[in-house]
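A.B. asks: JSON, C-alpha atoms, saved as data.json, coming up:
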```
[["chain", "number", "residue", "atom", "x", "y", "z"],
["A", 1, "MET", "CA", 1.84, 5.02, -10.92],
["A", 2, "MET", "CA", 4.47, 2.79, -9.33],
["A", 3, "ASN", "CA", 5.40, -0.76, -10.29],
["A", 4, "LEU", "CA", 7.69, -2.94, -8.17],
["A", 5, "ASN", "CA", 9.11, -4.54, -11.32],
["A", 6, "ASN", "CA", 10.38, -1.19, -12.68],
["A", 7, "GLN", "CA", 12.91, 0.01, -10.10],
["A", 8, "PRO", "CA", 10.49, 1.98, -7.91],
["A", 9, "THR", "CA", 11.68, 5.11, -6.12],
["A", 10, "ILE", "CA", 10.85, 6.79, -2.84],
["A", 11, "ASP", "CA", 9.52, 9.77, -4.84],
["A", 12, "GLU", "CA", 7.05, 7.58, -6.72],
["A", 13, "LEU", "CA", 5.77, 6.07, -3.49],
["A", 14, "ALA", "CA", 5.61, 9.47, -1.79],
["A", 15, "ARG", "CA", 3.42, 10.77, -4.64],
["A", 16, "LEU", "CA", 0.99, 7.87, -4.07],
["A", 17, "PHE", "CA", 0.75, 8.76, -0.37],
["A", 18, "ALA", "CA", 0.44, 12.51, -1.05],
["A", 19, "ALA", "CA", -2.49, 11.94, -3.43],
["A", 20, "ARG", "CA", -4.70, 10.69, -0.57],
["A", 21, "LYS", "CA", -6.42, 12.57, 2.26],
["A", 22, "ASP", "CA", -5.98, 11.03, 5.69],
["A", 23, "SER", "CA", -8.81, 13.07, 7.18],
["A", 24, "LEU", "CA", -11.43, 11.79, 4.72],
["A", 25, "ASP", "CA", -11.07, 8.01, 4.46],
["A", 26, "SER", "CA", -9.27, 4.90, 5.65],
["A", 27, "HIS", "CA", -6.94, 3.41, 3.02],
["A", 28, "ILE", "CA", -5.23, 0.17, 2.05],
["A", 29, "LEU", "CA", -1.90, 0.03, 0.27],
["A", 30, "TRP", "CA", -1.80, -3.05, -1.95],
["A", 31, "VAL", "CA", 0.08, -4.68, -4.81],
["A", 32, "CYS", "CA", -1.63, -6.32, -7.77],
["A", 33, "ASP", "CA", -0.33, -9.34, -9.66],
["A", 34, "SER", "CA", 1.50, -7.14, -12.22],
["A", 35, "GLY", "CA", 3.50, -5.42, -9.45],
["A", 36, "GLU", "CA", 1.55, -2.15, -9.55],
["A", 37, "VAL", "CA", 1.28, -0.48, -6.14],
["A", 38, "ARG", "CA", -1.98, 1.22, -5.22],
["A", 39, "ILE", "CA", -3.43, 3.09, -2.28],
["A", 40, "ASP", "CA", -7.22, 2.97, -2.36],
["A", 41, "LYS", "CA", -9.81, 4.29, 0.03],
["A", 42, "VAL", "CA", -11.96, 1.83, 1.93],
["A", 43, "SER", "CA", -15.67, 2.37, 2.40],
["A", 44, "PRO", "CA", -16.59, 3.02, 6.04],
["A", 45, "LEU", "CA", -19.01, 0.10, 5.78],
["A", 46, "ALA", "CA", -16.47, -2.33, 4.28],
["A", 47, "GLY", "CA", -13.83, -4.27, 6.14],
["A", 48, "GLU", "CA", -10.38, -5.34, 5.02],
["A", 49, "GLU", "CA", -11.61, -8.79, 3.99],
["A", 50, "GLU", "CA", -14.35, -7.35, 1.78],
["A", 51, "PHE", "CA", -11.81, -4.98, 0.18],
["A", 52, "GLU", "CA", -9.56, -7.95, -0.53],
["A", 53, "GLN", "CA", -12.43, -9.92, -2.08],
["A", 54, "ARG", "CA", -13.30, -7.02, -4.39],
["A", 55, "ASN", "CA", -9.73, -6.99, -5.75],
["A", 56, "PRO", "CA", -9.09, -10.53, -7.01],
["A", 57, "ASN", "CA", -5.77, -9.57, -8.62],
["A", 58, "MET", "CA", -4.31, -8.55, -5.24],
["A", 59, "ARG", "CA", -1.04, -10.28, -4.30],
["A", 60, "ALA", "CA", -0.08, -8.41, -1.12],
["A", 61, "ARG", "CA", -1.46, -5.68, 1.10],
["A", 62, "PHE", "CA", -0.71, -3.76, 4.24],
["A", 63, "LYS", "CA", -3.16, -3.57, 7.11],
["A", 64, "MET", "CA", -5.64, -0.74, 6.77],
["A", 65, "TYR", "CA", -4.39, 2.79, 7.41],
["A", 66, "ARG", "CA", -7.21, 4.15, 9.60],
["A", 67, "ARG", "CA", -8.62, 7.58, 8.89],
["A", 68, "GLY", "CA", -7.13, 10.38, 10.95],
["A", 69, "HIS", "CA", -3.95, 8.59, 12.07],
["A", 70, "GLY", "CA", -1.57, 10.35, 9.66],
["A", 71, "TYR", "CA", -0.47, 7.33, 7.63],
["A", 72, "VAL", "CA", -1.46, 8.82, 4.26],
["A", 73, "GLY", "CA", -1.54, 12.34, 2.87],
["A", 74, "LYS", "CA", 1.04, 15.05, 2.33],
["A", 75, "LYS", "CA", 2.53, 14.88, 5.84],
["A", 76, "ALA", "CA", 3.06, 11.12, 5.58],
["A", 77, "ALA", "CA", 4.56, 11.57, 2.10],
["A", 78, "ALA", "CA", 7.06, 14.09, 3.48],
["A", 79, "ASP", "CA", 8.31, 11.60, 6.10],
["A", 80, "THR", "CA", 11.16, 10.09, 4.07],
["A", 81, "HIS", "CA", 12.04, 7.62, 6.85],
["A", 82, "PHE", "CA", 8.48, 6.23, 6.88],
["A", 83, "ILE", "CA", 8.21, 6.14, 3.07],
["A", 84, "GLY", "CA", 11.64, 4.50, 2.83],
["A", 85, "ASN", "CA", 10.55, 1.78, 5.28],
["A", 86, "VAL", "CA", 7.36, 1.16, 3.29],
["A", 87, "LEU", "CA", 9.31, 0.92, 0.03],
["A", 88, "GLN", "CA", 11.89, -1.47, 1.50],
["A", 89, "THR", "CA", 9.10, -3.64, 2.89],
["A", 90, "LEU", "CA", 7.24, -3.66, -0.44],
["A", 91, "GLN", "CA", 10.35, -4.72, -2.34],
["A", 92, "HIS", "CA", 11.17, -7.46, 0.17],
["A", 93, "GLU", "CA", 7.62, -8.82, 0.25],
["A", 94, "TRP", "CA", 7.19, -8.60, -3.54],
["A", 95, "ALA", "CA", 10.26, -10.78, -4.05],
["A", 96, "ALA", "CA", 8.64, -13.42, -1.83],
["A", 97, "VAL", "CA", 5.05, -13.32, -3.15],
["A", 98, "GLN", "CA", 5.12, -12.44, -6.83],
["A", 99, "ASN", "CA", 5.10, -16.10, -7.91],
["A", 100, "GLN", "CA", 3.03, -17.47, -5.02],
["A", 101, "PRO", "CA", -0.76, -17.99, -4.84],
["A", 102, "GLY", "CA", -2.95, -16.06, -2.43],
["A", 103, "VAL", "CA", -2.64, -12.68, -0.76],
["A", 104, "ARG", "CA", 0.11, -11.81, 1.71],
["A", 105, "LEU", "CA", -0.95, -9.56, 4.59],
["A", 106, "ILE", "CA", 1.95, -7.29, 5.53],
["A", 107, "ASP", "CA", 1.62, -6.30, 9.16],
["A", 108, "ARG", "CA", 5.09, -4.92, 9.91],
["A", 109, "TYR", "CA", 7.85, -3.04, 8.14],
["A", 110, "SER", "CA", 11.22, -4.53, 7.19]]
```
Using the file provided, produce a representation of the structure as structure tokens.

C.D. replies:
Amino acid sequence: MMNLNNQPTIDELARLFAARKDSLDSHILWVCDSGEVRIDKVSPLAGEEEFEQRNPNMRARFKMYRRGHGYVGKKAAADTHFIGNVLQTLQHEWAAVQNQPGVRLIDRYS
């Protein structure tokens, strides 16, 4: 588990990415209102908006990582440059959204 309020590390984020299989599902990385970061699979029949509606405590999320593109899984977790960019973006966005209403869609890295 990783929380943006508890000095998150690249290793914590890499473990979240490594725990998922890119070849099986599409995924969304999101942050809930407590600062917890999650990577959850998305049903092939569900879109990003439906995923967002089913998680009312969501504060921010990245665009969907499509199945088979290498954005999650062990190879993605081993890419320290990629994981570092994701972590930096999460920390920057969390500072901006943690006390704001609504959900912030993150569509680029800091």

A.B. asks: Quick check, in Å to one decimal: how far apart do atom CA of Val103 of chain A and atom CA of Glu36 of chain A lie?

C.D. replies: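 Atom CA of Glu36 of chain A lies at a distance of 14.3 Å from atom CA of Val103 of chain A.
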
A.B. asks: Please list, as a list in words, the residues that have an atom at most 12 Å away from (-11.0, 11.0, 7.0) in the coordinates of this file, counting only C-alpha atoms.

C.D. replies: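 Residues satisfying the cut-off, written out: Arg20, Lys21, Asp22, Ser23, Leu24, Asp25, Ser26, His27, Lys41, Val42, Ser43, Pro44, Tyr65, Arg66, Arg67, Gly68, His69, Gly70, Tyr71, Val72 and Gly73 of chain A.
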
A.B. asks: Find, counting only C-alpha atoms, the residue in A:Ile106, A:Lys75, A:Val37, A:Ala46 that gets nearest to Thr9 of chain A.

C.D. replies: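 Selected residue with least distance to Thr9 of chain A: A:Val37.
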
A.B. asks: Can you work out which one of A:Ala76, A:Leu90, A:Ala19, A:Ile83 has the shortest atom-to-atom distance to Asn3 of chain A, counting all atoms listed in the file?

C.D. replies: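 So, comparing all the options, the nearest one is A:Leu90.
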
A.B. asks: Do you have the atom CA of Leu87 of chain A-atom CA of Leu16 of chain A distance handy?

C.D. replies: 11.6 Å

A.B. asks: From the list A:Gly35, A:Pro8, A:Gly102, A:Gly84, which residue is nearest Glu52 of chain A when using only C-alpha atoms?

C.D. replies: A:Gly102

A.B. asks: Closest to Val97 of chain A among A:Met58, A:Met64, A:Leu13, A:Ala77, using only C-alpha atoms?

C.D. replies: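 That would be A:Met58, the residue with the smallest distance to Val97 of chain A.
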
A.B. asks: Please, can segment 96-110 of chain A be completed to N, CA and C atoms and returned as a PDB file, in the coordinates of the input?

C.D. replies:
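Ended up saving to part-v1.pdb:
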```
ATOM      1  N   ALA A  96       9.107 -12.165  -2.411  1.00  0.00           N
ATOM      2  CA  ALA A  96       8.640 -13.420  -1.830  1.00  0.00           C
ATOM      3  C   ALA A  96       7.291 -13.874  -2.385  1.00  0.00           C
ATOM      4  N   VAL A  97       6.425 -12.943  -2.802  1.00  0.00           N
ATOM      5  CA  VAL A  97       5.050 -13.320  -3.150  1.00  0.00           C
ATOM      6  C   VAL A  97       4.712 -13.262  -4.635  1.00  0.00           C
ATOM      7  N   GLN A  98       5.538 -12.669  -5.443  1.00  0.00           N
ATOM      8  CA  GLN A  98       5.120 -12.440  -6.830  1.00  0.00           C
ATOM      9  C   GLN A  98       4.797 -13.718  -7.593  1.00  0.00           C
ATOM     10  N   ASN A  99       5.376 -14.832  -7.210  1.00  0.00           N
ATOM     11  CA  ASN A  99       5.100 -16.100  -7.910  1.00  0.00           C
ATOM     12  C   ASN A  99       4.355 -17.097  -7.020  1.00  0.00           C
ATOM     13  N   GLN A 100       3.740 -16.607  -5.946  1.00  0.00           N
ATOM     14  CA  GLN A 100       3.030 -17.470  -5.020  1.00  0.00           C
ATOM     15  C   GLN A 100       1.525 -17.207  -5.098  1.00  0.00           C
ATOM     16  N   PRO A 101       0.700 -18.211  -4.847  1.00  0.00           N
ATOM     17  CA  PRO A 101      -0.760 -17.990  -4.840  1.00  0.00           C
ATOM     18  C   PRO A 101      -1.199 -17.274  -3.566  1.00  0.00           C
ATOM     19  N   GLY A 102      -2.365 -16.688  -3.607  1.00  0.00           N
ATOM     20  CA  GLY A 102      -2.950 -16.060  -2.430  1.00  0.00           C
ATOM     21  C   GLY A 102      -2.497 -14.637  -2.224  1.00  0.00           C
ATOM     22  N   VAL A 103      -2.946 -14.064  -1.120  1.00  0.00           N
ATOM     23  CA  VAL A 103      -2.640 -12.680  -0.760  1.00  0.00           C
ATOM     24  C   VAL A 103      -1.829 -12.667   0.526  1.00  0.00           C
ATOM     25  N   ARG A 104      -0.721 -11.956   0.514  1.00  0.00           N
ATOM     26  CA  ARG A 104       0.110 -11.810   1.710  1.00  0.00           C
ATOM     27  C   ARG A 104      -0.311 -10.561   2.458  1.00  0.00           C
ATOM     28  N   LEU A 105      -0.646 -10.702   3.737  1.00  0.00           N
ATOM     29  CA  LEU A 105      -0.950  -9.560   4.590  1.00  0.00           C
ATOM     30  C   LEU A 105       0.344  -9.097   5.229  1.00  0.00           C
ATOM     31  N   ILE A 106       0.710  -7.868   4.977  1.00  0.00           N
ATOM     32  CA  ILE A 106       1.950  -7.290   5.530  1.00  0.00           C
ATOM     33  C   ILE A 106       1.551  -6.513   6.772  1.00  0.00           C
ATOM     34  N   ASP A 107       2.024  -6.958   7.921  1.00  0.00           N
ATOM     35  CA  ASP A 107       1.620  -6.300   9.160  1.00  0.00           C
ATOM     36  C   ASP A 107       2.769  -5.650   9.927  1.00  0.00           C
ATOM     37  N   ARG A 108       3.954  -5.636   9.309  1.00  0.00           N
ATOM     38  CA  ARG A 108       5.090  -4.920   9.910  1.00  0.00           C
ATOM     39  C   ARG A 108       6.060  -4.535   8.803  1.00  0.00           C
ATOM     40  N   TYR A 109       6.898  -3.561   9.117  1.00  0.00           N
ATOM     41  CA  TYR A 109       7.850  -3.040   8.140  1.00  0.00           C
ATOM     42  C   TYR A 109       9.201  -3.741   8.297  1.00  0.00           C
ATOM     43  N   SER A 110       9.899  -3.883   7.176  1.00  0.00           N
ATOM     44  CA  SER A 110      11.220  -4.530   7.190  1.00  0.00           C
ATOM     45  C   SER A 110      12.249  -3.651   7.882  1.00  0.00           C
TER      46      SER A 110
END
```
